[in-house]
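Data first, discussion second: the structure below is written as structure tokens.
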Amino acid sequence: MQDERERFLIRYAGDFAPFVVDTAEGAWITTKEGERILDFTSGQISSTLGHNHPKIVEAIQRSLREVIHLNSWMVNDDVLELASRLAALLPDPLVRSMLLNVGSETNEVAFRLAKAYTGEFEMVGLTRSYHGLLAGANSVTFSMGHKGYGPLVPGSFAIPAPYEYRCPIRHCQNACDKLCLDVGFETVDQASVGSLAGMVVEPVLSTGGIIPLPDGYLAAAKQKCEERDMLLIVDEAQTGFGRTGTMFAFEQDGVTPDILTVSKTLGGGVPLGATITSAEIEDRCADNGFMHLTTHVSDPMPAAAGVAVLEVIEEENLVERSAQMGEYLTAQLHELQDLHEEIGCVRGRGLLVGVELVVDRDTKEPASELGAAVTAECLRLGLSMNIVKGDGPQRNCLRMAPPLSITHEEIDTAISILDRAITTCTK
Ligand code: PMP
């Protein structure tokens with residue numbers, strides 16, 4: 001089996017999983033060998049309503065009977081329905097959407113809009129960010145190196161991410177006072193050629209180590225942008241649609257971005273993303289000749305899935321559920337922290353939770369090899385989890401992002417597996 005995979009597939013992320021999948025339903029994946037695995041990754045944080053939700057399957061089947069694909073200047077009812085539902089869910093003035101494919105593309109479009117609106121081109125991101133791997137998005141993705149993939153888009157700047165557990169400028173002891181934002185913008189102002197167009201941020205830096213932006217950070221970032229006539233772009237690829245306990249994470253800071261990007265959850269597992277902005281911004285961009293025309297813009301089939309996703313989120317109260325189950329998961333992890341010295345920090349929002357592993361809680365020395373060992377042992381015991389950046393030479397932060405429909409029993413199962421895995425790996 002491994003041979004077949006290596007013969008016919010490009011190894012896009014190192015090794016493949018040590019099994020081939022047969023089916024998936026709810027929070028569970030079944031392998032060809034009949035093994036059941038509890039999926040605390042929600043696929044790529046996309047199957048957040050659970051794998052193969054019947055309503056999504058039904059919507060896709062209905063759409064396939066009607067129309068699969070159209071020339072980009074034609075739209076059908078599903079496209080209009082999804083765009084109007086997004087406008088209804090979002091605060092004013094975010095009313096105009098462009099329906100796209102993957103998260104990287106939604107950010108490329110956001111940057112193109114910011115450039116068309118401001119007439120400028122420089123883009124600011126946070127260290128530890130992840131916005132995608134297409135050229136523009138990759139140039140402001142600072143959670144992984146760019147070695148081998150240069151040159152980057154000129155005018156792409158990084159400012160220090162507000163990683164409270166390990167303050168990037170070694171200034172804050174307990175609560176973040178956002179000095180890193182001031183320091184970061186001082187550096188940007190010096191390096192800029194005077195052509196700042198936008199700043200892009202994730203409300204929780206997920207791939208960069210599950211780092212929620214501290215309270216008031218988005219508001220302060222928005223102010224920095226306004227002072228420089230830049231647009232604030234919030235990337236909610238992972239945090240959108242309930243993941244953090246509110247419909248959108250930006251709501252928790254009382255700030256409305258100029259441009260919002262969403263993807264992953266929106267398609268419930270099929271490629272669907274959206275870039276959303278105000279009528280004022282969209283009008284000026286259109287006047288300035290804005291253009292982005294990729295093959296699957298406004299495709300009917302993913303739009304039908306998106307409408308179903310939004311209906312299910314409402315019908316099953318998944319936003320409230322995410323807040324409640326997130327509290328339960330976090331409480332269970334804190335209990336586990338009492339048992340295992342290696343759990344240095346448990347943090348996150350809603351059902352996007354990180355567990356950072358350390359050698360010593362006082363020095364916070366990252367437990368570099370333990371993260372990979374624990375993740376592998378969990379998988380052997382039937383729990384799938386990702387491991388993300390944290391700190392140190394290797395990744396040391398476990399990411400728990402189960403479907404929002406997760407049950408107490410399933411969380412208990414995951415905690416028990418994690419407990420056993422840490423015990424085995426630290427013996
Ligand atoms: N933004 C964020 C916050 C992400 O987590 C990701 C994917 N991990 C992306 C953008 C890129 O999305 P995609 O891989 O669908 O292009």
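Chain lettering (A, B, ...) mirrors the order of the structure tokens, residue numbering begins at 1 for each chain separately, and ligand numbering begins at 1 in order of display.
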Run DSSP on the backbone of this structure and report the residues of region 131-377 of chain A it assigns to strand (DSSP E), as a PyMOL selection string. chain A and resi 156-159+196-201+204-205+211-212+231-235+259-262+273-278+343-349+352-360+365-366
Preceding selection exported with N, CA and C atoms as a CSV table (one decimal), in the first residue's frame:
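The result, stored in result_24.csv:
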chain,number,residue,atom,x,y,z
A,156,SER,N,6.5,42.7,1.8
A,156,SER,CA,5.7,41.9,2.7
A,156,SER,C,6.5,41.9,4.1
A,157,PHE,N,5.8,42.4,5.1
A,157,PHE,CA,6.5,42.6,6.4
A,157,PHE,C,5.8,41.8,7.5
A,158,ALA,N,6.7,41.4,8.5
A,158,ALA,CA,6.2,40.6,9.6
A,158,ALA,C,6.4,41.5,10.9
A,159,ILE,N,5.4,41.5,11.7
A,159,ILE,CA,5.5,42.1,13.1
A,159,ILE,C,5.3,41.0,14.1
A,196,LEU,N,1.9,51.3,2.0
A,196,LEU,CA,1.2,50.3,2.8
A,196,LEU,C,-0.3,50.2,2.3
A,197,ALA,N,-0.7,49.0,2.0
A,197,ALA,CA,-2.0,48.7,1.6
A,197,ALA,C,-2.9,48.0,2.6
A,198,GLY,N,-2.3,47.1,3.4
A,198,GLY,CA,-3.1,46.3,4.3
A,198,GLY,C,-2.4,45.6,5.3
A,199,MET,N,-3.1,45.1,6.3
A,199,MET,CA,-2.6,44.2,7.4
A,199,MET,C,-3.5,43.0,7.5
A,200,VAL,N,-2.9,41.8,7.5
A,200,VAL,CA,-3.8,40.6,7.6
A,200,VAL,C,-3.5,39.9,8.9
A,201,VAL,N,-4.5,39.5,9.6
A,201,VAL,CA,-4.3,38.7,10.9
A,201,VAL,C,-5.4,37.6,11.0
A,204,VAL,N,-7.1,33.8,15.9
A,204,VAL,CA,-6.2,32.8,16.7
A,204,VAL,C,-5.2,32.3,15.7
A,205,LEU,N,-3.9,32.6,16.0
A,205,LEU,CA,-2.8,32.1,15.1
A,205,LEU,C,-2.8,30.6,15.4
A,211,ILE,N,-2.5,30.6,19.2
A,211,ILE,CA,-2.2,31.8,20.0
A,211,ILE,C,-3.4,32.8,19.7
A,212,PRO,N,-4.3,32.8,20.7
A,212,PRO,CA,-5.4,33.8,20.5
A,212,PRO,C,-4.9,35.2,20.6
A,231,LEU,N,-6.0,48.9,4.9
A,231,LEU,CA,-7.2,48.1,5.3
A,231,LEU,C,-6.8,47.0,6.2
A,232,LEU,N,-7.7,46.7,7.1
A,232,LEU,CA,-7.5,45.5,8.0
A,232,LEU,C,-8.2,44.3,7.5
A,233,ILE,N,-7.5,43.3,7.2
A,233,ILE,CA,-8.0,42.0,6.7
A,233,ILE,C,-8.0,41.0,7.8
A,234,VAL,N,-9.1,40.4,8.1
A,234,VAL,CA,-9.2,39.4,9.1
A,234,VAL,C,-9.4,38.0,8.4
A,235,ASP,N,-8.5,37.1,8.6
A,235,ASP,CA,-8.5,35.8,8.0
A,235,ASP,C,-9.2,34.8,9.0
A,259,ILE,N,-12.0,43.9,5.3
A,259,ILE,CA,-12.2,42.7,4.5
A,259,ILE,C,-12.1,41.5,5.4
A,260,LEU,N,-13.0,40.5,5.1
A,260,LEU,CA,-13.0,39.3,5.9
A,260,LEU,C,-12.8,38.1,4.9
A,261,THR,N,-11.9,37.2,5.3
A,261,THR,CA,-11.8,36.0,4.4
A,261,THR,C,-12.2,34.7,5.2
A,262,VAL,N,-13.0,33.9,4.6
A,262,VAL,CA,-13.5,32.6,5.2
A,262,VAL,C,-13.3,31.5,4.2
A,273,GLY,N,-14.5,29.0,-0.4
A,273,GLY,CA,-14.1,30.1,0.4
A,273,GLY,C,-14.8,31.4,0.0
A,274,ALA,N,-14.7,32.4,0.8
A,274,ALA,CA,-15.3,33.7,0.4
A,274,ALA,C,-14.5,34.8,0.9
A,275,THR,N,-14.4,35.9,0.1
A,275,THR,CA,-13.8,37.2,0.5
A,275,THR,C,-14.9,38.2,0.5
A,276,ILE,N,-15.1,38.9,1.7
A,276,ILE,CA,-16.2,39.7,1.9
A,276,ILE,C,-15.8,41.1,2.3
A,277,THR,N,-16.5,42.1,1.7
A,277,THR,CA,-16.1,43.5,2.0
A,277,THR,C,-17.3,44.4,2.0
A,278,SER,N,-17.1,45.6,2.1
A,278,SER,CA,-18.2,46.6,2.1
A,278,SER,C,-18.5,47.1,0.7
A,343,ILE,N,2.6,19.2,30.4
A,343,ILE,CA,1.6,20.1,29.8
A,343,ILE,C,1.9,21.5,30.4
A,344,GLY,N,2.6,22.4,29.6
A,344,GLY,CA,3.0,23.7,30.1
A,344,GLY,C,1.8,24.7,30.0
A,345,CYS,N,1.0,24.6,29.0
A,345,CYS,CA,0.0,25.6,28.8
A,345,CYS,C,-1.2,25.0,28.0
A,346,VAL,N,-2.4,25.3,28.4
A,346,VAL,CA,-3.6,24.9,27.6
A,346,VAL,C,-4.2,26.3,27.2
A,347,ARG,N,-4.4,26.5,26.0
A,347,ARG,CA,-5.0,27.8,25.6
A,347,ARG,C,-5.8,27.6,24.3
A,348,GLY,N,-6.7,28.6,24.0
A,348,GLY,CA,-7.5,28.6,22.8
A,348,GLY,C,-8.8,29.3,23.0
A,349,ARG,N,-9.6,29.2,22.1
A,349,ARG,CA,-11.0,29.7,22.2
A,349,ARG,C,-12.0,28.7,21.6
A,352,LEU,N,-11.1,25.4,19.5
A,352,LEU,CA,-9.8,25.5,18.9
A,352,LEU,C,-8.8,25.6,20.0
A,353,VAL,N,-8.3,24.5,20.4
A,353,VAL,CA,-7.5,24.4,21.7
A,353,VAL,C,-6.1,23.9,21.5
A,354,GLY,N,-5.1,24.5,22.1
A,354,GLY,CA,-3.7,24.1,22.0
A,354,GLY,C,-3.2,23.6,23.3
A,355,VAL,N,-2.4,22.6,23.2
A,355,VAL,CA,-1.7,22.0,24.4
A,355,VAL,C,-0.2,22.1,24.2
A,356,GLU,N,0.4,23.0,24.9
A,356,GLU,CA,1.9,23.2,24.6
A,356,GLU,C,2.7,22.3,25.6
A,357,LEU,N,3.6,21.5,25.0
A,357,LEU,CA,4.3,20.6,25.9
A,357,LEU,C,5.7,21.2,26.2
A,358,VAL,N,6.1,21.1,27.4
A,358,VAL,CA,7.4,21.6,27.9
A,358,VAL,C,8.2,20.6,28.7
A,359,VAL,N,9.5,20.8,28.8
A,359,VAL,CA,10.3,19.9,29.6
A,359,VAL,C,10.2,20.3,31.0
A,360,ASP,N,10.0,21.7,31.2
A,360,ASP,CA,10.0,22.2,32.6
A,360,ASP,C,9.1,23.4,32.6
A,365,GLU,N,11.1,25.3,28.8
A,365,GLU,CA,11.8,24.8,27.7
A,365,GLU,C,10.9,23.9,26.9
A,366,PRO,N,10.9,24.1,25.6
A,366,PRO,CA,9.9,23.3,24.8
A,366,PRO,C,10.3,21.8,24.7
Taking a cut-off of 12 Å and counting only C-alpha atoms, can you build a table that, for each residue of region 192-269 of chain A near region 165-188 of chain A, reports the nearest atom pair and how far apart they are in Å (one decimal), sorted by chain then residue number, as a tab-separated table?
residue	atom	partner	partner_atom	distance
A:Ser192	CA	A:Val188	CA	5.7
A:Val193	CA	A:Val188	CA	9.5
A:Gly194	CA	A:Val188	CA	9.9
A:Ser195	CA	A:Val188	CA	10.9
A:Leu196	CA	A:Val188	CA	9.2
A:Gly198	CA	A:Val188	CA	11.9
A:Met199	CA	A:Phe185	CA	10.6
A:Gly209	CA	A:Tyr165	CA	10.5
A:Ile210	CA	A:Tyr165	CA	10.9
A:Ile211	CA	A:Tyr165	CA	8.8
A:Pro212	CA	A:Tyr165	CA	10.7
A:Leu213	CA	A:Cys176	CA	9.6
A:Pro214	CA	A:Cys176	CA	6.7
A:Asp215	CA	A:Cys176	CA	8.6
A:Gly216	CA	A:Lys178	CA	8.6
A:Tyr217	CA	A:Lys178	CA	6.7
A:Leu218	CA	A:Lys178	CA	10.2
A:Ala219	CA	A:Lys178	CA	10.9
A:Ala220	CA	A:Leu181	CA	8.1
A:Ala221	CA	A:Leu181	CA	7.4
A:Lys222	CA	A:Leu181	CA	11.1
A:Gln223	CA	A:Leu181	CA	10.9
A:Lys224	CA	A:Phe185	CA	7.9
A:Cys225	CA	A:Phe185	CA	9.8
A:Glu227	CA	A:Phe185	CA	11.1
A:Arg228	CA	A:Phe185	CA	10.3
As a compact mmCIF listing (two decimals) with C-alpha atoms, in the first residue's frame, list the residues of region 256-359 of chain A assigned to alpha helix (DSSP H) by DSSP on the backbone atoms of this structure.
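Result written to selection_25.txt:
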# COMPACT_ATOMS: atom_id res chain seq x y z
CA ALA A 279 -20.11 48.20 -0.70
CA GLU A 280 -17.91 51.28 -0.38
CA ILE A 281 -14.69 49.30 -0.81
CA GLU A 282 -16.12 47.11 -3.56
CA ASP A 283 -17.46 50.13 -5.49
CA ARG A 284 -14.10 51.88 -5.48
CA CYS A 285 -12.28 48.67 -6.47
CA ALA A 286 -14.70 48.15 -9.38
CA ASP A 287 -14.14 51.77 -10.47
CA PRO A 300 -23.01 26.40 -8.03
CA MET A 301 -22.13 23.06 -6.39
CA PRO A 302 -19.91 24.34 -3.55
CA ALA A 303 -22.34 27.22 -3.04
CA ALA A 304 -25.15 24.70 -2.48
CA ALA A 305 -22.97 22.97 0.12
CA GLY A 306 -22.28 26.36 1.76
CA VAL A 307 -25.99 27.16 2.09
CA ALA A 308 -26.53 23.76 3.74
CA VAL A 309 -23.61 24.37 6.11
CA LEU A 310 -25.09 27.67 7.29
CA GLU A 311 -28.51 26.05 7.78
CA VAL A 312 -27.07 23.20 9.84
CA ILE A 313 -25.04 25.58 12.02
CA GLU A 314 -28.26 27.39 12.87
CA GLU A 315 -30.51 24.33 13.23
CA LEU A 318 -23.43 24.77 16.72
CA VAL A 319 -22.09 28.16 17.75
CA GLU A 320 -23.39 27.85 21.32
CA ARG A 321 -22.38 24.22 21.30
CA SER A 322 -18.82 25.13 20.35
CA ALA A 323 -18.61 27.55 23.29
CA GLN A 324 -19.99 24.95 25.73
CA MET A 325 -18.00 21.99 24.47
CA GLY A 326 -14.89 24.16 24.23
CA GLU A 327 -15.26 24.97 27.93
CA TYR A 328 -15.66 21.29 28.72
CA LEU A 329 -12.65 20.26 26.62
CA THR A 330 -10.50 22.99 28.18
CA ALA A 331 -11.58 22.00 31.70
CA GLN A 332 -10.68 18.37 30.98
CA LEU A 333 -7.30 19.41 29.62
CA HIS A 334 -6.63 21.49 32.73
CA GLU A 335 -7.34 18.40 34.82
CA LEU A 336 -4.87 16.50 32.67
CA GLN A 337 -2.37 19.30 33.23
CA ASP A 338 -2.54 18.53 36.98
CA LEU A 339 -1.43 14.98 36.18
May I ask you to write as a VMD selection string all residues lying at most 7 Å from ligand 1, with only C-alpha atoms and all ligand atoms counted? chain A and resid 102 to 105 130 to 133 202 206 to 207 235 to 238 263 to 264
Residues as selected, N, CA and C atoms, written as a PDB file, in the first residue's frame, can you do that?
ATOM      1  N   VAL A 102     -10.176  27.836  -2.275  1.00  0.00           N
ATOM      2  CA  VAL A 102      -9.441  27.568  -1.027  1.00  0.00           C
ATOM      3  C   VAL A 102      -9.072  28.863  -0.297  1.00  0.00           C
ATOM      4  N   GLY A 103      -8.610  28.685   0.944  1.00  0.00           N
ATOM      5  CA  GLY A 103      -8.273  29.832   1.795  1.00  0.00           C
ATOM      6  C   GLY A 103      -7.191  30.716   1.197  1.00  0.00           C
ATOM      7  N   SER A 104      -6.167  30.097   0.603  1.00  0.00           N
ATOM      8  CA  SER A 104      -5.086  30.884   0.000  1.00  0.00           C
ATOM      9  C   SER A 104      -5.672  31.868  -1.011  1.00  0.00           C
ATOM     10  N   GLU A 105      -6.611  31.372  -1.801  1.00  0.00           N
ATOM     11  CA  GLU A 105      -7.178  32.216  -2.853  1.00  0.00           C
ATOM     12  C   GLU A 105      -8.003  33.365  -2.260  1.00  0.00           C
ATOM     13  N   TYR A 130      -0.378  32.078   9.314  1.00  0.00           N
ATOM     14  CA  TYR A 130      -0.556  31.178   8.160  1.00  0.00           C
ATOM     15  C   TYR A 130      -1.717  31.711   7.341  1.00  0.00           C
ATOM     16  N   HIS A 131      -1.424  32.083   6.100  1.00  0.00           N
ATOM     17  CA  HIS A 131      -2.489  32.594   5.241  1.00  0.00           C
ATOM     18  C   HIS A 131      -2.568  31.856   3.914  1.00  0.00           C
ATOM     19  N   GLY A 132      -1.732  30.831   3.729  1.00  0.00           N
ATOM     20  CA  GLY A 132      -1.827  30.055   2.509  1.00  0.00           C
ATOM     21  C   GLY A 132      -0.501  29.982   1.791  1.00  0.00           C
ATOM     22  N   LEU A 133      -0.475  29.210   0.706  1.00  0.00           N
ATOM     23  CA  LEU A 133       0.794  28.952   0.037  1.00  0.00           C
ATOM     24  C   LEU A 133       0.845  29.459  -1.401  1.00  0.00           C
ATOM     25  N   GLU A 202      -4.937  36.550  11.731  1.00  0.00           N
ATOM     26  CA  GLU A 202      -5.871  35.490  12.165  1.00  0.00           C
ATOM     27  C   GLU A 202      -6.259  35.806  13.609  1.00  0.00           C
ATOM     28  N   SER A 206      -3.339  29.863  14.429  1.00  0.00           N
ATOM     29  CA  SER A 206      -3.546  28.439  14.681  1.00  0.00           C
ATOM     30  C   SER A 206      -2.311  27.607  14.334  1.00  0.00           C
ATOM     31  N   THR A 207      -1.895  27.667  13.078  1.00  0.00           N
ATOM     32  CA  THR A 207      -0.718  26.889  12.668  1.00  0.00           C
ATOM     33  C   THR A 207       0.519  27.385  13.409  1.00  0.00           C
ATOM     34  N   ASP A 235      -8.496  37.077   8.638  1.00  0.00           N
ATOM     35  CA  ASP A 235      -8.540  35.758   8.001  1.00  0.00           C
ATOM     36  C   ASP A 235      -9.172  34.771   8.990  1.00  0.00           C
ATOM     37  N   GLU A 236     -10.422  34.410   8.706  1.00  0.00           N
ATOM     38  CA  GLU A 236     -11.142  33.491   9.597  1.00  0.00           C
ATOM     39  C   GLU A 236     -11.303  32.118   8.939  1.00  0.00           C
ATOM     40  N   ALA A 237     -10.279  31.695   8.197  1.00  0.00           N
ATOM     41  CA  ALA A 237     -10.329  30.367   7.564  1.00  0.00           C
ATOM     42  C   ALA A 237     -10.646  29.301   8.611  1.00  0.00           C
ATOM     43  N   GLN A 238      -9.982  29.380   9.749  1.00  0.00           N
ATOM     44  CA  GLN A 238     -10.193  28.359  10.795  1.00  0.00           C
ATOM     45  C   GLN A 238     -11.215  28.801  11.830  1.00  0.00           C
ATOM     46  N   SER A 263     -13.097  30.305   4.743  1.00  0.00           N
ATOM     47  CA  SER A 263     -12.992  29.130   3.840  1.00  0.00           C
ATOM     48  C   SER A 263     -13.289  27.896   4.679  1.00  0.00           C
ATOM     49  N   LYS A 264     -12.517  26.826   4.532  1.00  0.00           N
ATOM     50  CA  LYS A 264     -12.637  25.593   5.317  1.00  0.00           C
ATOM     51  C   LYS A 264     -14.086  25.233   5.692  1.00  0.00           C
TER      52      LYS A 264
END
Neighbours of Leu404 (chain A) within 12 Å (only C-alpha atoms; same-chain residues fewer than 3 positions away dropped), as a PyMOL selection string? chain A and resi 26-27+39-42+45-51+239-247+265+268+312-313+316-326+329+350-352+400-401+407-408+410-411
Choose the residue, out of A:Ala110, A:Ala191, A:Ile56, A:Ile37, that has the smallest atom-to-atom separation from Thr413 (chain A); count only C-alpha atoms. A:Ile37
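Nearest-residue note for Ala414 (chain A): choosing from A:Thr106, A:Thr23, A:Gln252, A:Thr375, the minimum distance belongs to A:Thr375, counting only C-alpha atoms.
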Residue neighbourhood Arg36 (chain A), 9 Å, only C-alpha atoms, exclusion window fewer than 3 positions, as a compact mmCIF listing (two decimals) with C-alpha atoms, in the first residue's frame:
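out_34.txt was written with the following content:
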# COMPACT_ATOMS: atom_id res chain seq x y z
CA TRP A 28 -15.12 9.25 13.15
CA ILE A 29 -13.01 7.93 10.30
CA THR A 30 -12.99 4.24 9.38
CA THR A 31 -9.91 2.80 7.72
CA GLY A 382 -7.29 5.83 17.74
CA LEU A 383 -7.15 9.64 18.08
